[in-house]
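A quick write-up on the structure given underneath.
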Amino acid sequence: MIVAERLCLENIREVFEKNINNSNVLNIKLKEIAKESFKKFIELGLPNNKQEEWKYLNLEQLLKSNYYPYSNFNPEDNVQNLSDSIEQNIIEECKQSNIVLINGFVSESHSNFSALQNKIFIDSIHSSNLRDNPLSVYKEDSSRPHQNIEKDGGELLNKNFNKVETEDPFVHLNTSFNSEGLFIFIPEGVELKAPIELLLISTNNLTINHPRILIVSGKHSKAKLFIKTIGTNNIEYFSNIVNELTLEENSKLEITYLQKENGNSTQFAFTDARLHESSELDLSCFAYGSHLSRHKISVNLNGRGANCKLNGLYKLSSNHASHNQIVLNHNVANCTSSQFFKGVLDENAKAEFSGTINVAKNAIGTNAEQLNKNLLLSPTAKVDTRPQLQIEADDVKCSHGATTGQLEEEQIFYLTSRGLPKEKSIEVLTKAFSDEVLDRSSFKSYLL
Amino acid sequence: MQLLEIRNLKASINEEQILNGINLNINIGEIHAIMGPNGSGKSTLSKIIAGHPDYQDYSGEILLSGEQINELEPSERANKGIFLGFQYPVEVPGVNNAEFLRLALNSKRVYESKTEMEKEEFDILLNQKIQMLNMDEFFLERSVNDGFSGGEKKRNEILQMAILEPRLSILDEIDSGLDIDALKIVSEGINKVMNPNNGLLLITHYQRLLRYVKPTHVHIMYKGKIVKSGGEELAEQLERGGYESIKEIQPDSGVKV
Ligand SMILES: Nc1ncnc2c1ncn2[C@@H]1O[C@H](COP(=O)(O)OP(=O)(O)OP(=O)(O)O)[C@@H](O)[C@H]1O
Ligand SMILES: [Mg+2]
């Protein structure tokens with residue numbers, strides 16, 4: 001218990017109690033979930049480096065800092081100050097299909113999802129089974145038998161919210177405090193042409209925020225998302241994000257996740273994906289900004305023929321560190337997964353790539369591959385890469401590999417011998433290295 | 001007018017002497033050929049002229065148009081007009097060939113304080129050169145030398161040379177790996193790039209290439225030294241009688257190693 005109090009959270013219990021008792025948004029069920037999670041969080045305590053999962057993370061600074069959780073926050077404050085930076089960070093394709101979360105709270109006034117109105121369901125997690133008028137509703141189309149989201153929103157939420165099976169204290173911390181959160185449901189059969197942007201912005205110094213995103217893609221639906229996380233310049237904060245993704249049968253979800261927090265920040269993100277039969281998840285993650293970032297991705301292939309592609313690029317310099325921890329569970333037969341992560345590390349940067357593929361006993365016909373490649377631009381940069389396979393089934397195809405190296409001198413010489421200055425040559429070769437991942441995202445031009 | 005002058009160049013790698021005092025003069029408008037057995041140091045010489053970082057430990061002087069370039073970075077040497085056609089061109093996956101060519105040309109233009117060439121203008125230039133070398137356009141869409149056949153790589157070197165229009169080209173075994181038709185095309189390409197104001201240093205094992213690209217001077221290199229220099233006839237002599245026919249490289253020739 002002392003542990004919990006040390007993470008900044010000297011007043012964590014007090015804030016938690018206040019939060020829960022004063023909330024007029026939380027219904028009984030969500031309150032219960034929050035209470036249980038808080039209990040679990042206290043029980044687990046904060047991690048230490050003796051635990052395998054946290055072995056490579058430098059938690060010292062984080063645990064020393066004093067970050068204050070929100071007991072209440074009105075995202076509609078500060079409106080003028082933020083408008084510019086929000087405007088700049090909304091990509092061209094999403095000018096009418098974006099949702100902005102400020103410190104984890106949906107800001108209606110900063111969002112523009114007019115192109116999504118009547119197509120998909122959008123609301124905060126806390127409100128979605130309560131109020132009669134969600135932010136965006138899906139109108140029933142008589143030609144197709146869709147679920148009545150207005151009525152069933154609550155049930156859908158109960159079915160999909162807080163379904164992460166983990167002992168990760170930060171997930172439980174998020175669930176205890178999750179600030180309103182965002183719930184998106186793409187109804188059955190809906191294929192969105194325009195991508196959706198979710199912009200998560202942190203604005204307050206020395207705070208910890210707990211954005212929570214739940215995306216459910218209905219059967220045969222198709223959508224593309226661009227999720228970007230940023231922070232106001234020069235402030236110090238801790239963003240503790242949890243994303244839950246449920247892909248129903250035959251749905252397709254393509255997500256590009258760009259962590260571009262400021263350099264004083266810490267971001268922990270936990271993405272938990274559940275894939276049903278023949279669904280397809282394409283998730284590309286880019287870690288650029290935080291001085292300490294961790295992205296744990298847990299994928300459960302629960303339906304036959306599901307297919308998950310994970311791509312990642314971490315580009316770090318200074319003394320920044322990025323940790324990618326992936327657990328890919330092949331729980332049923334005939335699923336496919338691939339992991340392709342690359343790192344470019346300069347100066348004193350550090351990175352971890354831990355990827356585990358678990359193939360359950362009955363998961364025959366599994367096809368899983370994993371590749372991690374790292375480019376060290378400085379002798380003081382460092383990478384820990386740990387690919388792991390745990391296979392209990394026969395008749396599976398699994399491959400994994402990892403490389404860490406420098407740029408090839410002969411390539412640099414070749415480029416310089418054509419007149420490119422050395423720095424430019426290194427830049428060109430590094431770009432070529434990164435492009436292999438960048439090219440896999442449809443948002444490449446926003447990732448450079 | 002003097003283009004390249006090399007004075008008493010000595011170099012060693014891992015304590016082993018590879019070049020033993022090379023002296024070489026190339027004037028503008030001249031085409032020199034260096035021939036010599038495997039391992040005699042031809043590629044080493046070419047790399048040192050281009051500024052390869054592995055061979056920084058050498059003595060002697062390299063002058064380009066009278067200016068000493070010993071201390072210059074490879075890129076600066078290139079921008080001053082030195083071009084090295086590699087014996088083994090390097091594969092650079094992920095770097096588009098056409099873009100690379102434009103980058104190279106623009107590096108030179110920036111160095112010369114000229115404006116960079118826009119893509120449209122460059123593409124026109126590129127197309128001319130591609131046609132001149134009878135190359136397939138699909139070379140441009142691919143990554144630099146990535147998966148190119150041996151002959152394709154050599155042609156790509158000549159394409160770069162044609163774009164950069166260097167003052168001094170050093171072509172290290174540009175003829176190896178080329179089929180008979182390609183040898184002809186590449187030779188014609190080289191001849192088109194040559195003019196009275198630039199110079200060429202060819203490194204080759206065979207007289208074949210020299211039938212198409214006529215050398216003004218032929219040198220024979222042996223154990224890190226130029227042991228004999230002459231005209232075209234020297235290449236013919238080699239072709240007929242092999243290195244045995246060159247008395248300077250016999251064991252009793254007195255060449256100090
Ligand atoms: N980086 C290096 N490390 C060790 N030895 C080297 C290195 N570079 C060259 N050498 C040695 O120097 C000698 C000359 O090599 P070089 O490549 O210059 O020969 P060459 O005349 O071009 O031969 P070839 O006709 O086969 O191309 C060889 O014995 C070679 O093994
Ligand atoms: Mg050679």
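A note on labels: chains of the structure tokens are A, B, ... as shown, every chain counts residues from 1, and ligands are counted from 1 in their shown order.
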Which residues form the shell of 10 Å around ligand 1 when you count only C-alpha atoms and all ligand atoms, given as a PyMOL selection string? chain B and resi 11-19+34-48+54-55+87-88+172-173+203-205+221-224
Can you check which residues of chain A have any atom within 9 Å of chain B? Use only C-alpha atoms and format it as number ranges by chain. A: 409-411, 413-422, 428-429, 431-433, 435-436
Segment 187-289 of chain A: which residues are strand (DSSP E) by DSSP, as a PyMOL selection string? chain A and resi 196-202+207-209+212-217+222-231+237-247+252-259+266-275+280-287
Within 8 Å of Thr430 of chain A using only C-alpha atoms, minus same-chain residues under 3 positions, as number ranges by chain: A: 344, 407, 426-427, 433-434
Go ahead and write the residues just picked, all heavy atoms, as a PDB file, in the first residue's frame.
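File produced: again_25.pdb:
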ATOM      1  N   VAL A 344      15.299   2.483 -34.511  1.00  0.00           N
ATOM      2  CA  VAL A 344      16.451   3.316 -34.867  1.00  0.00           C
ATOM      3  C   VAL A 344      16.857   4.068 -33.613  1.00  0.00           C
ATOM      4  O   VAL A 344      16.083   4.859 -33.082  1.00  0.00           O
ATOM      5  CB  VAL A 344      16.109   4.328 -35.977  1.00  0.00           C
ATOM      6  CG1 VAL A 344      17.327   5.184 -36.307  1.00  0.00           C
ATOM      7  CG2 VAL A 344      15.591   3.627 -37.219  1.00  0.00           C
ATOM      8  N   LEU A 407      24.880   0.838 -39.424  1.00  0.00           N
ATOM      9  CA  LEU A 407      24.843   1.035 -40.863  1.00  0.00           C
ATOM     10  C   LEU A 407      26.106   0.436 -41.453  1.00  0.00           C
ATOM     11  O   LEU A 407      27.152   0.424 -40.831  1.00  0.00           O
ATOM     12  CB  LEU A 407      24.787   2.525 -41.193  1.00  0.00           C
ATOM     13  CG  LEU A 407      23.461   3.229 -40.916  1.00  0.00           C
ATOM     14  CD1 LEU A 407      23.619   4.716 -41.175  1.00  0.00           C
ATOM     15  CD2 LEU A 407      22.345   2.661 -41.766  1.00  0.00           C
ATOM     16  N   ILE A 426      23.894   9.028 -44.151  1.00  0.00           N
ATOM     17  CA  ILE A 426      23.374   8.309 -42.990  1.00  0.00           C
ATOM     18  C   ILE A 426      21.867   8.512 -42.897  1.00  0.00           C
ATOM     19  O   ILE A 426      21.101   7.574 -42.645  1.00  0.00           O
ATOM     20  CB  ILE A 426      24.090   8.796 -41.703  1.00  0.00           C
ATOM     21  CG1 ILE A 426      25.544   8.311 -41.727  1.00  0.00           C
ATOM     22  CG2 ILE A 426      23.381   8.307 -40.442  1.00  0.00           C
ATOM     23  CD1 ILE A 426      26.422   8.875 -40.633  1.00  0.00           C
ATOM     24  N   GLU A 427      21.448   9.737 -43.174  1.00  0.00           N
ATOM     25  CA  GLU A 427      20.017  10.040 -43.141  1.00  0.00           C
ATOM     26  C   GLU A 427      19.249   9.216 -44.189  1.00  0.00           C
ATOM     27  O   GLU A 427      18.201   8.634 -43.904  1.00  0.00           O
ATOM     28  CB  GLU A 427      19.856  11.539 -43.404  1.00  0.00           C
ATOM     29  CG  GLU A 427      18.452  12.071 -43.310  1.00  0.00           C
ATOM     30  CD  GLU A 427      18.377  13.498 -43.887  1.00  0.00           C
ATOM     31  OE1 GLU A 427      19.247  14.328 -43.537  1.00  0.00           O
ATOM     32  OE2 GLU A 427      17.463  13.749 -44.691  1.00  0.00           O
ATOM     33  N   PHE A 433      15.797   2.331 -43.965  1.00  0.00           N
ATOM     34  CA  PHE A 433      15.553   1.324 -42.918  1.00  0.00           C
ATOM     35  C   PHE A 433      14.154   1.507 -42.320  1.00  0.00           C
ATOM     36  O   PHE A 433      13.396   0.546 -42.170  1.00  0.00           O
ATOM     37  CB  PHE A 433      16.634   1.472 -41.844  1.00  0.00           C
ATOM     38  CG  PHE A 433      16.529   0.508 -40.698  1.00  0.00           C
ATOM     39  CD1 PHE A 433      17.082  -0.759 -40.788  1.00  0.00           C
ATOM     40  CD2 PHE A 433      15.870   0.867 -39.527  1.00  0.00           C
ATOM     41  CE1 PHE A 433      16.987  -1.648 -39.728  1.00  0.00           C
ATOM     42  CE2 PHE A 433      15.771  -0.021 -38.467  1.00  0.00           C
ATOM     43  CZ  PHE A 433      16.336  -1.286 -38.570  1.00  0.00           C
ATOM     44  N   SER A 434      13.801   2.738 -42.000  1.00  0.00           N
ATOM     45  CA  SER A 434      12.504   3.010 -41.384  1.00  0.00           C
ATOM     46  C   SER A 434      11.348   2.821 -42.363  1.00  0.00           C
ATOM     47  O   SER A 434      10.256   2.414 -41.971  1.00  0.00           O
ATOM     48  CB  SER A 434      12.427   4.453 -40.867  1.00  0.00           C
ATOM     49  OG  SER A 434      13.578   4.796 -40.170  1.00  0.00           O
TER      50      SER A 434
END
When you look at Ile196 of chain A with a cut-off of 9 Å (counting only C-alpha atoms), what residues show up, excluding the ones that are within fewer than 4 positions of it in the same chain? I need them as JSON, numbers by chain. {"A": [93, 94, 96, 97, 98, 99, 113, 116, 192, 223, 224, 225, 226, 227]}
Record the distance separating atom CA of Asp179 of chain B and atom CA of Ile220 of chain B, expressed in Å with one decimal.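 Interatomic distance here is 25.1 Å.
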Close residues, Ser111 of chain A itself excluded, 12 Å, only C-alpha atoms, min 2 positions apart in chain, as a count of residues only: 35
Using only C-alpha atoms, the shortest atom-to-atom distance to Gln131 of chain B among B:Leu178, B:Leu159, B:Val227, B:Pro215 belongs to B:Leu159
Just want the 7 Å neighbourhood of segment 294-305 of chain A, counted on only C-alpha atoms, with same-chain residues fewer than 6 positions away dropped. Output as a ChimeraX atom specification. /A:267-278,322-335
How would you write, as JSON, numbers by chain, the set of residues in segment 20-222 of chain B that DSSP gives as alpha helix (DSSP H)? {"B": [42, 43, 44, 45, 46, 47, 48, 49, 50, 74, 75, 76, 77, 78, 79, 97, 98, 99, 100, 101, 102, 103, 104, 105, 106, 107, 108, 109, 110, 111, 119, 120, 121, 122, 123, 124, 125, 126, 127, 128, 129, 130, 131, 132, 138, 139, 140, 141, 150, 151, 152, 153, 154, 155, 156, 157, 158, 159, 160, 161, 162, 163, 164, 180, 181, 182, 183, 184, 185, 186, 187, 188, 189, 190, 191, 192, 193, 207, 208, 209, 210, 211, 212]}
Determine, counting only C-alpha atoms, which protein, DNA and RNA residues have an atom within 8 Å of an atom of Tyr212 of chain B; residues of the same chain fewer than 3 positions away are not included. Present the result as a PyMOL selection string. chain B and resi 184+187-188+208-209
Pick out the closest residue to Asn27 of chain B from this set: B:Ile69, B:Val213, B:Leu64, B:Val110. Count only C-alpha atoms.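 Among the listed residues, the smallest separation from Asn27 of chain B belongs to B:Leu64.
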